[in-house]
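Presented below is the structure to which this report refers.
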Amino acid sequence: MVSMVSGFFALFAELLLPGFAVLCRDWPVLQAVATLPLLLLLSYWCCASVFPESPRWLMATSQIPQAKKCLQSFSARNGVCVSDELYPAETLLSEIDEVFPEDIQPEYHHVVELRHTRVIWKNCLILGFTLFIGTGIQYCFTRNLHIYSPHFYFSYFLRVLTGALACIFLCVSVDRFGRRGMLLLAAIVTGLSSLLLLALTQYLHGGLVLVLSVVGLLSSQALAMLSVFFGSEVMPTVVRGGTLGLIMAAGCVGMAASSLMELQNNGGYFLHHVIFASFAVLSVLCIMLLPESKHKPLPDSLKDGERQRRPPLFLSRMNLDNPPLLRTQPHSSEYNRDNYSRLVTATKKMLAKDALPYKISILPQAPLLASNGTAPDANDDSS
């Protein structure tokens with residue numbers, strides 16, 4: 001949801017851009033107005049309290065003191081008392097102390113290490129390829145919109161509107177149908193729309209060409225957005241920043257291809273359309289090799305990223321003609337890690353105290369033998 005909200009912010013900025021262009025009336029002034037707010041990002045680098053480091057990345061790279069300090073800062077700002085075992089902050093810190101030794105050294109990873117992997121670089125290559133297609137093929141659809149309106153603003157605002165609809169569509173469908181399935185659907189619709197416009201533009205009605213262009217533009221923007229979002233989930237934490245940079249760099253190359261076509265006055269447009277339509281069909285086969293990240297924990301280490309496998313194409317069903325004689329069902333474990341950790345923390349604190357909160361009192365009893373070695377009942381009988 002946070003990724004989709006950031007997408008809405010980007011679309012809102014694109015809506016404001018024509019207004020700033022009208023107010024500035026000069027290209028250098030517009031460039032300065034769009035660039036100067038980026039200086040505010042320096043506050044994120046100077047002030048760690050404004051934009052703190054990711055605790056997940058700190059723990060994945062074995063920077064335990066910095067991770068504990070960051071978590072304690074979060075707990076203090078959220079008003080969570082870390083000294084009480086009833087709160088999860090104390091449980092988390094105790095688990096960190098038990099899992100990681102005190103003399104552990106940080107382990108940093110780089111994108112160059114992807115050459116030693118087999119699954120991670122494949123996922124990164126496929127998602128970069130789909131983002132390249134999603135951004136580069138949009139020019140094939142927006143070019144058909146100039147026929148209905150010669151003004152620049154019609155195609156511009158229609159592209160932004162379809163981007164907002166694509167973002168809303170992903171918010172509704174991704175959590176229900178899965179990331180891999182929706183990415184596959186977006187690639188199929190993009191490829192079909194592009195092929196139909198490539199082969200049948202001269203024979204189709206004007207309204208149908210407009211519909212195919214809008215649908216293709218919608219699906220291509222959904223393909224681009226979901227490629228970035230999907231890449232942030234399947235890439236391991238230790239190299240997530242570098243791999244996302246590579247994926248988004250491929251998307252920038254696709255946008256540059258569209259800008260290059262406009263600079264050449266549509267020279268070579270047919271070849272551009274054929275290449276990207278073929279790439280869209282090829283991406284459908286590539287997406288089927290990706291794993292599914294829905295309802296799965298994020299991979300932290302390179303080993304976790306290598307364990308990701310694509311789901312089977314066809315779910316295997318049990319043979320109803322030959323059912324097993326004894327069907328065993330695994331019993332759900334009653335072990336709860338959080339409750340156990342809280343119990344361990346509370347027990348340690350109780351044992352560390354000098355005095356117990358209560359004392360066990362023992363009633364005094366008369367000794368069985370008196371000091372002279374005779375039982376007290378015997379003395380009574382003799383008297």
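Simple scheme: letters A, B, ... for chains in structure tokens order, numbers from 1 for residues in each chain, numbers from 1 for ligands in the order shown.
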Would you kindly return, as a count of residues only, each protein, DNA or RNA residue with an atom no farther than 12 Å from any atom of Val284 in chain A, considering only C-alpha atoms and excluding same-chain residues fewer than 2 positions away? 30
Show which residues sit within 10 Å of Ser3 in chain A, as an NGL selection string. Count only C-alpha atoms, and ignore same-chain residues fewer than 6 positions away. :A and (167 or 171 or 225-226 or 228-229 or 232)
Let me make sure I understand: among A:Asn123, A:Thr142, A:Gln66, A:Ser258, which one has the smallest atom-to-atom distance to Gly231 in chain A if we use only C-alpha atoms? A:Asn123
Please determine, counting only C-alpha atoms, which residue among A:Val29, A:Leu131, A:Ile137, A:Cys252 has the shortest atom-to-atom distance to Leu271 in chain A.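 That would be A:Ile137, the residue with the smallest distance to Leu271 in chain A.
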Skip Cys70 in chain A itself and residues of its chain fewer than 4 positions away, then list as a ChimeraX atom specification all residues within 9 Å of it, counting only C-alpha atoms. /A:52-55,65-66,74-75
Produce a file of the selected residues containing C-alpha atoms, as a PDB file, in the first residue's frame.
```
ATOM      1  CA  PRO A  52      16.445   6.805   9.957  1.00  0.00           C
ATOM      2  CA  GLU A  53      18.168   3.757   8.572  1.00  0.00           C
ATOM      3  CA  SER A  54      16.209   0.589   7.890  1.00  0.00           C
ATOM      4  CA  PRO A  55      16.433  -1.802  10.887  1.00  0.00           C
ATOM      5  CA  PRO A  65      24.267  -2.219  17.768  1.00  0.00           C
ATOM      6  CA  GLN A  66      22.907   0.204  15.155  1.00  0.00           C
ATOM      7  CA  PHE A  74      11.293   3.818  17.313  1.00  0.00           C
ATOM      8  CA  SER A  75       9.958   2.510  20.638  1.00  0.00           C
TER       9      SER A  75
END
```
At a cut-off of 12 Å, can you tabulate as CSV every residue of range 143-254 of chain A near range 261-267 of chain A together with its closest atom pair and the distance in Å to one decimal, using only C-alpha atoms and ordering rows by chain then number?
```
residue,atom,partner,partner_atom,distance
A:Arg143,CA,A:Asn266,CA,9.0
A:Asn144,CA,A:Asn266,CA,11.8
A:Gly254,CA,A:Met261,CA,11.1
```
Saved selection, atoms kept: N, CA, C and O atoms, as an mmCIF file, in the first residue's frame:
```
data_model
loop_
_atom_site.group_PDB
_atom_site.id
_atom_site.type_symbol
_atom_site.label_atom_id
_atom_site.label_comp_id
_atom_site.auth_asym_id
_atom_site.auth_seq_id
_atom_site.Cartn_x
_atom_site.Cartn_y
_atom_site.Cartn_z
ATOM 1 N N ARG A 143 0.957 7.762 -29.481
ATOM 2 C CA ARG A 143 1.031 8.320 -30.830
ATOM 3 C C ARG A 143 -0.317 8.269 -31.535
ATOM 4 O O ARG A 143 -0.655 9.167 -32.327
ATOM 5 N N ASN A 144 -1.113 7.256 -31.246
ATOM 6 C CA ASN A 144 -2.434 7.164 -31.873
ATOM 7 C C ASN A 144 -3.413 8.181 -31.322
ATOM 8 O O ASN A 144 -4.458 8.437 -31.937
ATOM 9 N N GLY A 254 13.961 2.636 -21.385
ATOM 10 C CA GLY A 254 12.724 2.571 -22.152
ATOM 11 C C GLY A 254 12.112 3.949 -22.369
ATOM 12 O O GLY A 254 11.635 4.260 -23.473
#
```
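Taking CA of Glu292 in chain A and CA of Val174 in chain A as the two end points, the separation is 11.3 Å.
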Please report the interatomic distance between CA of His205 in chain A and CA of His146 in chain A in Å with one decimal. 15.6 Å
What residues in range 247-324 of chain A get the DSSP label helix (DSSP H, G or I)? Please answer as a CSV table (one decimal) with C-alpha atoms, in the first residue's frame.
```csv
chain,number,residue,atom,x,y,z
A,247,ILE,CA,15.7,-2.4,-12.6
A,248,MET,CA,14.7,1.2,-12.6
A,249,ALA,CA,17.7,2.0,-14.9
A,250,ALA,CA,16.2,-0.3,-17.4
A,251,GLY,CA,13.0,1.6,-17.2
A,252,CYS,CA,14.8,4.9,-17.8
A,253,VAL,CA,16.3,3.3,-21.0
A,254,GLY,CA,12.7,2.6,-22.2
A,255,MET,CA,11.6,6.2,-21.5
A,256,ALA,CA,14.7,7.4,-23.4
A,257,ALA,CA,13.7,5.3,-26.4
A,258,SER,CA,10.3,7.0,-26.5
A,259,SER,CA,11.8,10.4,-26.2
A,260,LEU,CA,14.2,9.5,-29.0
A,261,MET,CA,11.3,8.7,-31.3
A,262,GLU,CA,9.8,12.1,-30.7
A,263,LEU,CA,13.0,13.9,-31.5
A,269,TYR,CA,8.2,4.3,-35.7
A,270,PHE,CA,7.2,1.1,-37.3
A,271,LEU,CA,10.4,-0.7,-36.4
A,272,HIS,CA,10.0,0.7,-32.8
A,273,HIS,CA,6.5,-0.7,-32.6
A,274,VAL,CA,7.5,-4.1,-34.0
A,275,ILE,CA,10.4,-4.5,-31.6
A,276,PHE,CA,8.4,-3.6,-28.5
A,277,ALA,CA,5.4,-5.7,-29.5
A,278,SER,CA,7.7,-8.7,-29.9
A,279,PHE,CA,9.3,-8.0,-26.6
A,280,ALA,CA,5.9,-7.8,-24.9
A,281,VAL,CA,5.0,-11.3,-26.2
A,282,LEU,CA,8.4,-12.6,-25.1
A,283,SER,CA,7.9,-11.1,-21.6
A,284,VAL,CA,4.8,-13.3,-21.1
A,285,LEU,CA,7.1,-16.4,-21.2
A,286,CYS,CA,9.7,-14.8,-18.9
A,287,ILE,CA,7.2,-13.8,-16.2
A,302,LEU,CA,21.3,-14.1,-0.6
A,303,LYS,CA,20.5,-17.6,0.5
A,304,ASP,CA,16.9,-16.7,1.1
A,305,GLY,CA,16.7,-15.1,-2.4
A,306,GLU,CA,18.2,-18.3,-4.0
```
Interatomic distance between CA of Tyr156 in chain A and CA of Leu15 in chain A?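 So the answer is 9.0 Å.
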